[in-house]
>>> print(open('target-v5.cif').read())   # mmCIF, C-alpha atoms and all ligand atoms
data_query
loop_
_atom_site.group_PDB
_atom_site.id
_atom_site.type_symbol
_atom_site.label_atom_id
_atom_site.label_comp_id
_atom_site.auth_asym_id
_atom_site.auth_seq_id
_atom_site.Cartn_x
_atom_site.Cartn_y
_atom_site.Cartn_z
ATOM 1 C CA MET A 17 18.062 -1.100 -15.928
ATOM 2 C CA ASN A 18 15.794 -1.117 -18.984
ATOM 3 C CA ASP A 19 12.415 -1.002 -17.262
ATOM 4 C CA SER A 20 10.340 2.154 -17.643
ATOM 5 C CA LEU A 21 6.874 3.502 -16.875
ATOM 6 C CA ARG A 22 4.497 5.255 -19.286
ATOM 7 C CA THR A 23 3.106 7.372 -16.464
ATOM 8 C CA SER A 24 4.938 10.337 -14.907
ATOM 9 C CA ASN A 25 2.820 10.198 -11.702
ATOM 10 C CA LEU A 26 1.682 7.232 -9.609
ATOM 11 C CA LEU A 27 -1.939 7.930 -8.676
ATOM 12 C CA THR A 28 -3.598 4.510 -8.969
ATOM 13 C CA VAL A 29 -2.527 0.933 -9.702
ATOM 14 C CA ASN A 30 -4.594 1.310 -12.867
ATOM 15 C CA ASP A 31 -1.724 3.503 -14.140
ATOM 16 C CA LEU A 32 0.368 0.297 -14.365
ATOM 17 C CA SER A 33 0.207 -2.629 -16.796
ATOM 18 C CA PRO A 34 1.200 -6.118 -15.548
ATOM 19 C CA GLU A 35 4.506 -5.730 -17.426
ATOM 20 C CA GLU A 36 5.176 -2.398 -15.699
ATOM 21 C CA MET A 37 4.445 -3.939 -12.291
ATOM 22 C CA GLU A 38 6.901 -6.729 -13.094
ATOM 23 C CA GLY A 39 9.416 -4.045 -14.112
ATOM 24 C CA ILE A 40 8.958 -2.323 -10.733
ATOM 25 C CA PHE A 41 9.578 -5.680 -8.989
ATOM 26 C CA ARG A 42 12.777 -6.295 -11.027
ATOM 27 C CA THR A 43 14.001 -2.781 -10.205
ATOM 28 C CA ALA A 44 13.192 -3.325 -6.505
ATOM 29 C CA ASP A 45 15.208 -6.587 -6.606
ATOM 30 C CA SER A 46 18.314 -4.744 -7.721
ATOM 31 C CA PHE A 47 17.849 -1.913 -5.194
ATOM 32 C CA LEU A 48 17.209 -4.291 -2.289
ATOM 33 C CA ASP A 49 20.661 -5.802 -2.885
ATOM 34 C CA LEU A 50 21.930 -2.426 -1.634
ATOM 35 C CA SER A 51 20.513 -2.987 1.865
ATOM 36 C CA SER A 52 23.121 -5.677 2.531
ATOM 37 C CA ARG A 53 26.017 -3.351 1.556
ATOM 38 C CA THR A 54 27.992 -1.168 3.962
ATOM 39 C CA VAL A 55 27.192 1.944 1.905
ATOM 40 C CA LYS A 56 23.485 1.729 1.115
ATOM 41 C CA LYS A 57 23.402 4.559 -1.437
ATOM 42 C CA VAL A 58 23.376 5.004 -5.211
ATOM 43 C CA PRO A 59 23.557 8.386 -6.984
ATOM 44 C CA SER A 60 20.469 7.860 -9.211
ATOM 45 C CA LEU A 61 18.482 10.863 -7.880
ATOM 46 C CA ARG A 62 21.386 13.113 -6.872
ATOM 47 C CA GLY A 63 20.297 16.745 -7.254
ATOM 48 C CA LYS A 64 16.567 15.928 -7.067
ATOM 49 C CA THR A 65 14.306 17.001 -4.218
ATOM 50 C CA LEU A 66 11.372 14.972 -2.922
ATOM 51 C CA VAL A 67 8.774 16.417 -0.557
ATOM 52 C CA ASN A 68 6.668 14.168 1.696
ATOM 53 C CA LEU A 69 3.386 16.037 2.267
ATOM 54 C CA PHE A 70 1.204 14.095 4.691
ATOM 55 C CA TYR A 71 -2.206 15.386 5.789
ATOM 56 C CA GLU A 72 -2.779 12.153 7.773
ATOM 57 C CA PRO A 73 -0.537 10.272 10.222
ATOM 58 C CA SER A 74 1.882 7.656 8.907
ATOM 59 C CA THR A 75 4.804 5.637 10.205
ATOM 60 C CA ARG A 76 5.601 3.098 7.477
ATOM 61 C CA THR A 77 4.798 4.958 4.274
ATOM 62 C CA ARG A 78 6.388 8.318 5.120
ATOM 63 C CA THR A 79 9.532 6.790 6.611
ATOM 64 C CA SER A 80 9.839 4.281 3.811
ATOM 65 C CA PHE A 81 9.616 6.982 1.112
ATOM 66 C CA GLU A 82 12.199 9.028 3.029
ATOM 67 C CA ILE A 83 14.645 6.122 3.339
ATOM 68 C CA ALA A 84 14.047 5.140 -0.294
ATOM 69 C CA ALA A 85 14.719 8.664 -1.594
ATOM 70 C CA LYS A 86 17.822 9.079 0.589
ATOM 71 C CA ARG A 87 19.238 5.760 -0.628
ATOM 72 C CA LEU A 88 18.842 7.159 -4.145
ATOM 73 C CA SER A 89 20.743 10.304 -3.000
ATOM 74 C CA ALA A 90 17.749 12.665 -3.349
ATOM 75 C CA ASP A 91 17.218 15.498 -0.871
ATOM 76 C CA VAL A 92 14.081 14.855 1.191
ATOM 77 C CA ILE A 93 11.871 17.357 2.973
ATOM 78 C CA ASN A 94 9.094 16.137 5.293
ATOM 79 C CA ILE A 95 6.179 18.495 5.806
ATOM 80 C CA SER A 96 3.959 17.772 8.757
ATOM 81 C CA THR A 97 0.800 19.737 8.049
ATOM 82 C CA SER A 98 0.216 20.355 11.773
ATOM 83 C CA GLN A 99 3.489 22.360 11.829
ATOM 84 C CA SER A 100 2.890 24.142 8.503
ATOM 85 C CA SER A 101 0.889 27.127 7.264
ATOM 86 C CA VAL A 102 -1.985 24.706 6.590
ATOM 87 C CA VAL A 103 -3.035 25.393 10.201
ATOM 88 C CA LYS A 104 -3.241 29.112 9.303
ATOM 89 C CA GLY A 105 -5.713 28.232 6.566
ATOM 90 C CA GLU A 106 -3.415 27.883 3.531
ATOM 91 C CA SER A 107 -5.211 25.946 0.790
ATOM 92 C CA LEU A 108 -4.042 22.609 -0.545
ATOM 93 C CA LEU A 109 -3.297 24.106 -3.963
ATOM 94 C CA ASP A 110 -1.334 27.053 -2.531
ATOM 95 C CA THR A 111 0.627 24.615 -0.364
ATOM 96 C CA VAL A 112 1.598 22.414 -3.295
ATOM 97 C CA LEU A 113 2.363 25.345 -5.627
ATOM 98 C CA THR A 114 4.609 26.774 -2.893
ATOM 99 C CA ILE A 115 6.420 23.444 -2.549
ATOM 100 C CA GLU A 116 6.924 23.330 -6.312
ATOM 101 C CA ALA A 117 8.173 26.940 -6.415
ATOM 102 C CA LEU A 118 10.719 25.987 -3.734
ATOM 103 C CA GLY A 119 12.152 23.504 -6.238
ATOM 104 C CA ALA A 120 10.557 20.119 -5.533
ATOM 105 C CA ASP A 121 10.913 17.557 -8.309
ATOM 106 C CA GLY A 122 8.399 15.196 -6.705
ATOM 107 C CA VAL A 123 5.656 15.295 -4.068
ATOM 108 C CA VAL A 124 4.474 12.243 -2.149
ATOM 109 C CA ILE A 125 1.028 13.098 -0.832
ATOM 110 C CA ARG A 126 -1.318 11.464 1.688
ATOM 111 C CA HIS A 127 -4.698 13.131 2.119
ATOM 112 C CA PRO A 128 -8.028 12.190 3.758
ATOM 113 C CA SER A 129 -9.995 13.095 0.599
ATOM 114 C CA SER A 130 -10.226 10.669 -2.333
ATOM 115 C CA GLY A 131 -8.912 12.098 -5.607
ATOM 116 C CA VAL A 132 -6.599 14.777 -4.175
ATOM 117 C CA PRO A 133 -3.356 13.392 -5.713
ATOM 118 C CA GLU A 134 -4.953 13.314 -9.173
ATOM 119 C CA TRP A 135 -6.355 16.834 -8.748
ATOM 120 C CA ILE A 136 -2.907 18.099 -7.727
ATOM 121 C CA SER A 137 -1.185 16.287 -10.596
ATOM 122 C CA LYS A 138 -3.204 18.331 -13.112
ATOM 123 C CA ARG A 139 -1.974 21.599 -11.569
ATOM 124 C CA VAL A 140 1.770 21.050 -11.070
ATOM 125 C CA GLN A 141 4.747 20.099 -13.213
ATOM 126 C CA CYS A 142 6.495 17.954 -10.596
ATOM 127 C CA HIS A 143 5.857 14.209 -10.186
ATOM 128 C CA VAL A 144 2.969 13.318 -7.852
ATOM 129 C CA ILE A 145 2.876 10.034 -5.954
ATOM 130 C CA ASN A 146 -0.234 8.897 -4.088
ATOM 131 C CA ALA A 147 0.631 7.717 -0.556
ATOM 132 C CA GLY A 148 -3.038 7.052 0.296
ATOM 133 C CA ASP A 149 -6.076 9.200 -0.571
ATOM 134 C CA GLY A 150 -9.263 8.848 1.452
ATOM 135 C CA LEU A 151 -11.080 5.610 0.706
ATOM 136 C CA HIS A 152 -9.661 5.510 -2.820
ATOM 137 C CA GLU A 153 -6.165 4.009 -3.258
ATOM 138 C CA HIS A 154 -2.759 3.304 -1.778
ATOM 139 C CA PRO A 155 -0.846 2.100 -4.849
ATOM 140 C CA THR A 156 2.635 1.608 -3.375
ATOM 141 C CA GLN A 157 1.114 -0.472 -0.551
ATOM 142 C CA ALA A 158 -0.438 -2.829 -3.133
ATOM 143 C CA LEU A 159 2.864 -3.017 -5.029
ATOM 144 C CA LEU A 160 4.806 -3.940 -1.900
ATOM 145 C CA ASP A 161 2.123 -6.470 -0.909
ATOM 146 C CA LEU A 162 2.336 -8.193 -4.294
ATOM 147 C CA TYR A 163 6.120 -8.075 -4.196
ATOM 148 C CA THR A 164 6.118 -9.693 -0.722
ATOM 149 C CA ILE A 165 3.816 -12.448 -1.980
ATOM 150 C CA GLN A 166 6.050 -13.021 -5.019
ATOM 151 C CA LYS A 167 9.168 -13.162 -2.846
ATOM 152 C CA ARG A 168 7.623 -15.569 -0.331
ATOM 153 C CA LYS A 169 5.652 -17.755 -2.767
ATOM 154 C CA GLY A 170 7.857 -17.520 -5.871
ATOM 155 C CA ARG A 171 4.897 -16.532 -8.079
ATOM 156 C CA LEU A 172 1.648 -14.568 -8.227
ATOM 157 C CA ARG A 173 -0.416 -16.143 -11.003
ATOM 158 C CA GLY A 174 -2.715 -18.932 -9.819
ATOM 159 C CA LEU A 175 -2.598 -18.063 -6.111
ATOM 160 C CA THR A 176 -5.719 -17.483 -3.999
ATOM 161 C CA VAL A 177 -5.704 -14.532 -1.574
ATOM 162 C CA ALA A 178 -8.351 -13.827 1.081
ATOM 163 C CA ILE A 179 -8.607 -10.130 2.001
ATOM 164 C CA VAL A 180 -10.276 -10.045 5.412
ATOM 165 C CA GLY A 181 -12.018 -7.275 7.320
ATOM 166 C CA ASP A 182 -13.035 -3.717 6.569
ATOM 167 C CA ILE A 183 -13.032 -3.763 2.772
ATOM 168 C CA LEU A 184 -15.549 -0.893 2.628
ATOM 169 C CA HIS A 185 -13.231 1.755 4.091
ATOM 170 C CA SER A 186 -9.922 0.339 2.866
ATOM 171 C CA ARG A 187 -7.861 2.052 0.166
ATOM 172 C CA VAL A 188 -5.339 -0.774 0.646
ATOM 173 C CA ALA A 189 -8.014 -3.325 -0.295
ATOM 174 C CA ARG A 190 -9.098 -1.348 -3.376
ATOM 175 C CA SER A 191 -5.559 -1.063 -4.740
ATOM 176 C CA ASN A 192 -4.824 -4.705 -3.949
ATOM 177 C CA ILE A 193 -8.023 -6.043 -5.528
ATOM 178 C CA MET A 194 -7.222 -4.264 -8.801
ATOM 179 C CA ALA A 195 -3.507 -5.105 -8.784
ATOM 180 C CA MET A 196 -3.987 -8.747 -7.737
ATOM 181 C CA THR A 197 -6.666 -9.582 -10.295
ATOM 182 C CA ARG A 198 -4.536 -7.895 -12.956
ATOM 183 C CA MET A 199 -1.644 -10.216 -11.994
ATOM 184 C CA GLY A 200 -3.707 -13.423 -12.194
ATOM 185 C CA ILE A 201 -4.486 -13.886 -8.480
ATOM 186 C CA SER A 202 -7.945 -15.137 -7.380
ATOM 187 C CA VAL A 203 -9.249 -12.704 -4.774
ATOM 188 C CA ARG A 204 -11.757 -13.434 -2.008
ATOM 189 C CA LEU A 205 -13.267 -10.700 0.139
ATOM 190 C CA VAL A 206 -14.154 -11.851 3.656
ATOM 191 C CA GLY A 207 -16.009 -9.759 6.225
ATOM 192 C CA PRO A 208 -19.358 -8.828 7.736
ATOM 193 C CA PRO A 209 -21.975 -7.628 5.198
ATOM 194 C CA THR A 210 -21.724 -4.101 6.636
ATOM 195 C CA LEU A 211 -18.004 -3.877 5.737
ATOM 196 C CA ILE A 212 -18.175 -5.296 2.189
ATOM 197 C CA PRO A 213 -19.197 -2.779 -0.504
ATOM 198 C CA LYS A 214 -22.708 -3.452 -1.877
ATOM 199 C CA TYR A 215 -21.607 -2.537 -5.397
ATOM 200 C CA LEU A 216 -18.546 -4.428 -6.565
ATOM 201 C CA GLY A 217 -18.544 -3.029 -10.119
ATOM 202 C CA ASP A 218 -16.226 -4.996 -12.383
ATOM 203 C CA TRP A 219 -14.163 -6.529 -9.559
ATOM 204 C CA LYS A 220 -13.765 -10.259 -10.231
ATOM 205 C CA VAL A 221 -13.912 -11.397 -6.597
ATOM 206 C CA GLU A 222 -15.745 -13.948 -4.459
ATOM 207 C CA VAL A 223 -17.433 -12.710 -1.278
ATOM 208 C CA PHE A 224 -17.585 -14.670 2.001
ATOM 209 C CA HIS A 225 -19.088 -13.675 5.327
ATOM 210 C CA ASP A 226 -17.785 -16.721 7.218
ATOM 211 C CA LEU A 227 -14.062 -16.421 7.993
ATOM 212 C CA ARG A 228 -13.275 -20.146 8.056
ATOM 213 C CA GLU A 229 -14.982 -20.682 4.683
ATOM 214 C CA GLY A 230 -13.302 -17.575 3.268
ATOM 215 C CA VAL A 231 -9.735 -18.604 4.130
ATOM 216 C CA ARG A 232 -10.211 -22.307 3.274
ATOM 217 C CA ASP A 233 -7.315 -23.508 1.057
ATOM 218 C CA CYS A 234 -6.013 -19.947 0.563
ATOM 219 C CA ASP A 235 -2.318 -19.339 -0.159
ATOM 220 C CA VAL A 236 -2.372 -15.894 1.444
ATOM 221 C CA VAL A 237 -4.550 -14.288 4.117
ATOM 222 C CA MET A 238 -4.331 -10.500 4.146
ATOM 223 C CA THR A 239 -6.150 -9.016 7.089
ATOM 224 C CA LEU A 240 -6.920 -5.296 7.225
ATOM 225 C CA ARG A 241 -6.832 -2.754 9.999
ATOM 226 C CA LEU A 242 -10.197 -1.788 11.480
ATOM 227 C CA GLN A 243 -10.099 1.934 10.756
ATOM 228 C CA LEU A 244 -11.406 3.117 14.093
ATOM 229 C CA GLU A 245 -10.579 6.757 13.233
ATOM 230 C CA ARG A 246 -13.074 6.500 10.336
ATOM 231 C CA ALA A 247 -15.893 5.350 12.673
ATOM 232 C CA THR A 248 -15.652 1.763 11.440
ATOM 233 C CA ALA A 249 -16.689 0.556 14.891
ATOM 234 C CA SER A 250 -20.221 1.823 14.192
ATOM 235 C CA PHE A 251 -20.499 -0.803 11.396
ATOM 236 C CA ILE A 252 -20.033 -3.753 13.797
ATOM 237 C CA PRO A 253 -21.862 -4.804 16.987
ATOM 238 C CA SER A 254 -18.706 -4.622 19.130
ATOM 239 C CA LEU A 255 -14.927 -4.942 18.803
ATOM 240 C CA LYS A 256 -15.092 -8.105 20.924
ATOM 241 C CA GLU A 257 -17.584 -9.740 18.564
ATOM 242 C CA TYR A 258 -15.630 -8.637 15.480
ATOM 243 C CA ALA A 259 -12.437 -10.104 16.962
ATOM 244 C CA LYS A 260 -14.224 -13.391 17.662
ATOM 245 C CA LEU A 261 -15.736 -13.662 14.166
ATOM 246 C CA TYR A 262 -12.986 -12.140 12.001
ATOM 247 C CA GLY A 263 -9.742 -12.161 14.023
ATOM 248 C CA ILE A 264 -6.922 -14.207 12.458
ATOM 249 C CA SER A 265 -5.791 -16.864 14.944
ATOM 250 C CA PRO A 266 -3.802 -20.109 14.700
ATOM 251 C CA GLY A 267 -7.119 -22.036 14.741
ATOM 252 C CA VAL A 268 -8.526 -20.134 11.750
ATOM 253 C CA LEU A 269 -5.299 -20.649 9.799
ATOM 254 C CA THR A 270 -5.675 -24.450 9.979
ATOM 255 C CA GLU A 271 -8.352 -23.977 7.269
ATOM 256 C CA ALA A 272 -5.850 -22.355 4.873
ATOM 257 C CA ARG A 273 -3.015 -24.064 3.011
ATOM 258 C CA PRO A 274 -0.293 -25.434 5.316
ATOM 259 C CA ASP A 275 2.206 -22.893 3.946
ATOM 260 C CA VAL A 276 -0.226 -19.955 4.208
ATOM 261 C CA LEU A 277 1.310 -16.467 4.282
ATOM 262 C CA VAL A 278 -0.313 -13.890 6.591
ATOM 263 C CA LEU A 279 -0.093 -10.204 5.678
ATOM 264 C CA HIS A 280 -1.298 -6.978 7.307
ATOM 265 C CA PRO A 281 -0.535 -3.470 5.997
ATOM 266 C CA GLY A 282 -0.126 -2.084 9.527
ATOM 267 C CA PRO A 283 -0.569 -0.533 11.949
ATOM 268 C CA ILE A 284 -2.134 -3.571 13.660
ATOM 269 C CA ASN A 285 -4.891 -3.437 16.299
ATOM 270 C CA ARG A 286 -3.503 -6.432 18.194
ATOM 271 C CA GLY A 287 -6.133 -8.702 19.714
ATOM 272 C CA ILE A 288 -8.675 -7.534 17.116
ATOM 273 C CA GLU A 289 -7.510 -8.310 13.538
ATOM 274 C CA ILE A 290 -4.655 -10.560 14.651
ATOM 275 C CA GLN A 291 -4.557 -12.826 17.678
ATOM 276 C CA ASP A 292 -1.515 -14.636 19.031
ATOM 277 C CA GLU A 293 0.760 -13.817 16.064
ATOM 278 C CA GLU A 294 3.711 -15.344 17.954
ATOM 279 C CA SER A 295 2.249 -18.807 17.454
ATOM 280 C CA PHE A 296 2.203 -18.419 13.641
ATOM 281 C CA ARG A 297 5.282 -16.202 13.348
ATOM 282 C CA GLY A 298 6.767 -18.422 10.613
ATOM 283 C CA HIS A 299 3.704 -17.703 8.445
ATOM 284 C CA SER A 300 3.807 -13.954 8.996
ATOM 285 C CA GLY A 301 5.083 -11.695 6.215
ATOM 286 C CA ILE A 302 4.226 -8.466 8.064
ATOM 287 C CA LEU A 303 7.784 -7.254 8.635
ATOM 288 C CA ASP A 304 8.775 -8.434 5.144
ATOM 289 C CA GLN A 305 6.108 -6.037 3.831
ATOM 290 C CA VAL A 306 7.856 -3.173 5.648
ATOM 291 C CA HIS A 307 11.321 -4.241 4.469
ATOM 292 C CA PHE A 308 10.282 -4.761 0.841
ATOM 293 C CA GLY A 309 8.397 -1.445 0.910
ATOM 294 C CA VAL A 310 11.699 0.421 0.825
ATOM 295 C CA GLY A 311 12.817 -1.424 -2.333
ATOM 296 C CA ILE A 312 9.447 -0.900 -4.009
ATOM 297 C CA ARG A 313 9.469 2.830 -3.219
ATOM 298 C CA MET A 314 13.053 3.146 -4.448
ATOM 299 C CA ALA A 315 11.957 1.481 -7.682
ATOM 300 C CA VAL A 316 8.919 3.765 -8.070
ATOM 301 C CA LEU A 317 10.923 6.943 -7.359
ATOM 302 C CA TYR A 318 13.731 5.859 -9.683
ATOM 303 C CA LEU A 319 11.430 4.890 -12.561
ATOM 304 C CA LEU A 320 9.370 8.094 -12.248
ATOM 305 C CA MET A 321 12.075 10.631 -11.476
ATOM 306 C CA ALA A 322 15.500 9.520 -12.707
ATOM 307 C CA GLY A 323 14.697 10.401 -16.295
ATOM 308 C CA GLY A 324 13.921 14.093 -15.697
ATOM 309 C CA SER A 325 10.954 16.305 -14.950
ATOM 310 C CA LYS A 326 7.426 15.571 -16.077
ATOM 311 C CA GLY A 327 7.127 16.217 -19.779
ATOM 312 C CA GLU A 328 10.905 16.411 -20.410
HETATM 313 N N1 LIG B 1 0.431 0.754 5.690
HETATM 314 C C1 LIG B 1 0.465 2.077 5.944
HETATM 315 O O1 LIG B 1 0.080 2.908 5.106
HETATM 316 O O2 LIG B 1 0.998 2.395 7.162
HETATM 317 P P1 LIG B 1 1.238 3.893 7.691
HETATM 318 O O3 LIG B 1 -0.130 4.508 7.906
HETATM 319 O O4 LIG B 1 2.022 3.739 8.960
HETATM 320 O O5 LIG B 1 1.986 4.633 6.624
#
>>> encode(input="target-v5.cif", output="structure tokens")
Amino acid sequence: MNDSLRTSNLLTVNDLSPEEMEGIFRTADSFLDLSSRTVKKVPSLRGKTLVNLFYEPSTRTRTSFEIAAKRLSADVINISTSQSSVVKGESLLDTVLTIEALGADGVVIRHPSSGVPEWISKRVQCHVINAGDGLHEHPTQALLDLYTIQKRKGRLRGLTVAIVGDILHSRVARSNIMAMTRMGISVRLVGPPTLIPKYLGDWKVEVFHDLREGVRDCDVVMTLRLQLERATASFIPSLKEYAKLYGISPGVLTEARPDVLVLHPGPINRGIEIQDEESFRGHSGILDQVHFGVGIRMAVLYLLMAGGSKGE
């Protein structure tokens, strides 16, 4: 494999050029071939240790990084902060320096505060990978979303994607908006005024408050989780009204292209963001996102870590 990355950490999708994203997708293609083999392992990261350090709950991202690293033959340690010395008051920096002193070559970190992965990356020698930081970014989620779209649609450039729901609190939306526009996708943001950021900066996006108008003729509809743990419910009159106005249903999808692809990063609040998924199962790429996430994370770990330590 000849693809490489200029960065030694993955903190934001802005670390990646379009060519580097395409390189990650090519690398994921070759690793995903492994999943159909009896022995699903390659020795690329033998002797390396990856630590998953999650300060917030996760099912998909943590498990996917663990499977990805194990398929590359790395040793993987999962630290649940509720079972660690964090509960005795150990600081974030002391925790990460301890992990590095124990011999970690890479740390995958999820944290409720924006900017933590970058702050850590300036203080350690090991590779740092952002698995979601506050309201900021979730770069591997955006990579696997784009990869799923490319796999299902055969291309990225020229497509129109509607991102629906709580854009304001969504690190998934932020990473996707930047990655998608960089890859030539037209992005629409669809949601109630209270859940769309007032300041869009240099994002080249169209904003819609009416769901049917927003998804009209779209190739992809990506609906987001209402982040109830971040008090999102206080930004809408009621969950019932939100579901009625912004829930993705078979009726709403008749406005989109006939071959529309429906994505959701998970976990889903069923009956709120998505209604009656069974009736549009053929359009759903939600489990593809999970499956392709392993290949994307293998590619990211391989391209960051197979060559040696940071600075080598
Ligand atoms: N999409 C996502 O980040 O899911 P988890 O919170 O389960 O990791």
>>> residues_around(input="target-v5.cif", residues="segment 123-127 of chain A", least_positions_apart="5", cutoff="8 Å", atoms="only C-alpha atoms", output="list in words")
Leu66, Val67, Asn68, Leu69, Phe70, Tyr71, Glu72, Val132, Pro133, Cys142, His143, Val144, Ile145, Asn146, Ala147, Gly148, Asp149 and Gly150 of chain A
>>> resolve_selection(input="target-v5.cif", expression="the PyMOL selection byres (((not hetatm)) within 10 of (chain B and resi 1))", output="PDB file with C-alpha atoms, keeping the file's coordinate frame")
ATOM      1  CA  PHE A  70       1.204  14.095   4.691  1.00  0.00           C
ATOM      2  CA  GLU A  72      -2.779  12.153   7.773  1.00  0.00           C
ATOM      3  CA  PRO A  73      -0.537  10.272  10.222  1.00  0.00           C
ATOM      4  CA  SER A  74       1.882   7.656   8.907  1.00  0.00           C
ATOM      5  CA  THR A  75       4.804   5.637  10.205  1.00  0.00           C
ATOM      6  CA  ARG A  76       5.601   3.098   7.477  1.00  0.00           C
ATOM      7  CA  THR A  77       4.798   4.958   4.274  1.00  0.00           C
ATOM      8  CA  ARG A  78       6.388   8.318   5.120  1.00  0.00           C
ATOM      9  CA  THR A  79       9.532   6.790   6.611  1.00  0.00           C
ATOM     10  CA  SER A  80       9.839   4.281   3.811  1.00  0.00           C
ATOM     11  CA  PHE A  81       9.616   6.982   1.112  1.00  0.00           C
ATOM     12  CA  ARG A 126      -1.318  11.464   1.688  1.00  0.00           C
ATOM     13  CA  ALA A 147       0.631   7.717  -0.556  1.00  0.00           C
ATOM     14  CA  GLY A 148      -3.038   7.052   0.296  1.00  0.00           C
ATOM     15  CA  HIS A 154      -2.759   3.304  -1.778  1.00  0.00           C
ATOM     16  CA  THR A 156       2.635   1.608  -3.375  1.00  0.00           C
ATOM     17  CA  GLN A 157       1.114  -0.472  -0.551  1.00  0.00           C
ATOM     18  CA  ALA A 158      -0.438  -2.829  -3.133  1.00  0.00           C
ATOM     19  CA  LEU A 160       4.806  -3.940  -1.900  1.00  0.00           C
ATOM     20  CA  ASP A 161       2.123  -6.470  -0.909  1.00  0.00           C
ATOM     21  CA  ARG A 187      -7.861   2.052   0.166  1.00  0.00           C
ATOM     22  CA  VAL A 188      -5.339  -0.774   0.646  1.00  0.00           C
ATOM     23  CA  LEU A 240      -6.920  -5.296   7.225  1.00  0.00           C
ATOM     24  CA  ARG A 241      -6.832  -2.754   9.999  1.00  0.00           C
ATOM     25  CA  HIS A 280      -1.298  -6.978   7.307  1.00  0.00           C
ATOM     26  CA  PRO A 281      -0.535  -3.470   5.997  1.00  0.00           C
ATOM     27  CA  GLY A 282      -0.126  -2.084   9.527  1.00  0.00           C
ATOM     28  CA  PRO A 283      -0.569  -0.533  11.949  1.00  0.00           C
ATOM     29  CA  ILE A 284      -2.134  -3.571  13.660  1.00  0.00           C
ATOM     30  CA  GLN A 305       6.108  -6.037   3.831  1.00  0.00           C
ATOM     31  CA  VAL A 306       7.856  -3.173   5.648  1.00  0.00           C
ATOM     32  CA  GLY A 309       8.397  -1.445   0.910  1.00  0.00           C
TER      33      GLY A 309
END
>>> residues_near_point(input="target-v5.cif", point="(0.6, -20.6, 8.1)", cutoff="10 Å", atoms="all atoms listed in the file", output="ChimeraX atom specification")
/A:235-237,266,268-278,295-300
>>> residues_around(input="target-v5.cif", residues="Gly119 of chain A", least_positions_apart="2", cutoff="10 Å", atoms="all atoms listed in the file", output="list of chain:residue names")
A:Lys64, A:Thr65, A:Leu66, A:Val67, A:Leu113, A:Thr114, A:Ile115, A:Glu116, A:Ala117, A:Asp121, A:Gly122, A:Cys142
>>> write_last_selection(input="target-v5.cif", atoms="C-alpha atoms", output="tab-separated table (two decimals), in the frame of the given file")
chain	number	residue	atom	x	y	z
A	64	LYS	CA	16.57	15.93	-7.07
A	65	THR	CA	14.31	17.00	-4.22
A	66	LEU	CA	11.37	14.97	-2.92
A	67	VAL	CA	8.77	16.42	-0.56
A	113	LEU	CA	2.36	25.34	-5.63
A	114	THR	CA	4.61	26.77	-2.89
A	115	ILE	CA	6.42	23.44	-2.55
A	116	GLU	CA	6.92	23.33	-6.31
A	117	ALA	CA	8.17	26.94	-6.42
A	121	ASP	CA	10.91	17.56	-8.31
A	122	GLY	CA	8.40	15.20	-6.70
A	142	CYS	CA	6.50	17.95	-10.60
>>> closest_residue(input="target-v5.cif", among="A:Gly174, A:Pro208, A:Gly263, A:Gly181", to="Gln243 of chain A", atoms="only C-alpha atoms")
A:Gly181
>>> atom_distance(input="target-v5.cif", atom1="atom CA of Arg198 of chain A", atom2="atom CA of Ile212 of chain A")
20.5 Å
>>> atom_distance(input="target-v5.cif", atom1="atom CA of Arg286 of chain A", atom2="atom CA of Leu244 of chain A")
13.1 Å
>>> residues_around(input="target-v5.cif", residues="Met238 of chain A", least_positions_apart="5", cutoff="8 Å", atoms="all atoms listed in the file", output="PyMOL selection string")
chain A and resi 177-180+278-280
>>> resolve_selection(input="target-v5.cif", expression="the PyMOL selection byres (((chain A and resi 85) around 12) and not hetatm)", output="count of residues only")
46
>>> atom_distance(input="target-v5.cif", atom1="atom CA of Ser107 of chain A", atom2="atom CA of Arg190 of chain A")
27.9 Å
>>> closest_residue(input="target-v5.cif", among="A:Ile193, A:Gly39, A:Ser33, A:Tyr262", to="Ser20 of chain A", atoms="only C-alpha atoms")
A:Gly39
>>> resolve_selection(input="target-v5.cif", expression="the PyMOL selection byres (((chain A and resi 34) around 12) and not hetatm)", output="short mmCIF file (atom, residue, chain, number, x, y, z; two decimals) with C-alpha atoms, keeping the file's coordinate frame")
data_model
loop_
_atom_site.label_atom_id
_atom_site.label_comp_id
_atom_site.auth_asym_id
_atom_site.auth_seq_id
_atom_site.Cartn_x
_atom_site.Cartn_y
_atom_site.Cartn_z
CA LEU A 21 6.87 3.50 -16.88
CA VAL A 29 -2.53 0.93 -9.70
CA ASN A 30 -4.59 1.31 -12.87
CA ASP A 31 -1.72 3.50 -14.14
CA LEU A 32 0.37 0.30 -14.36
CA SER A 33 0.21 -2.63 -16.80
CA GLU A 35 4.51 -5.73 -17.43
CA GLU A 36 5.18 -2.40 -15.70
CA MET A 37 4.44 -3.94 -12.29
CA GLU A 38 6.90 -6.73 -13.09
CA GLY A 39 9.42 -4.04 -14.11
CA ILE A 40 8.96 -2.32 -10.73
CA PHE A 41 9.58 -5.68 -8.99
CA LEU A 159 2.86 -3.02 -5.03
CA LEU A 162 2.34 -8.19 -4.29
CA LEU A 172 1.65 -14.57 -8.23
CA ARG A 173 -0.42 -16.14 -11.00
CA MET A 194 -7.22 -4.26 -8.80
CA ALA A 195 -3.51 -5.11 -8.78
CA MET A 196 -3.99 -8.75 -7.74
CA THR A 197 -6.67 -9.58 -10.30
CA ARG A 198 -4.54 -7.90 -12.96
CA MET A 199 -1.64 -10.22 -11.99
CA GLY A 200 -3.71 -13.42 -12.19
CA ILE A 201 -4.49 -13.89 -8.48
#
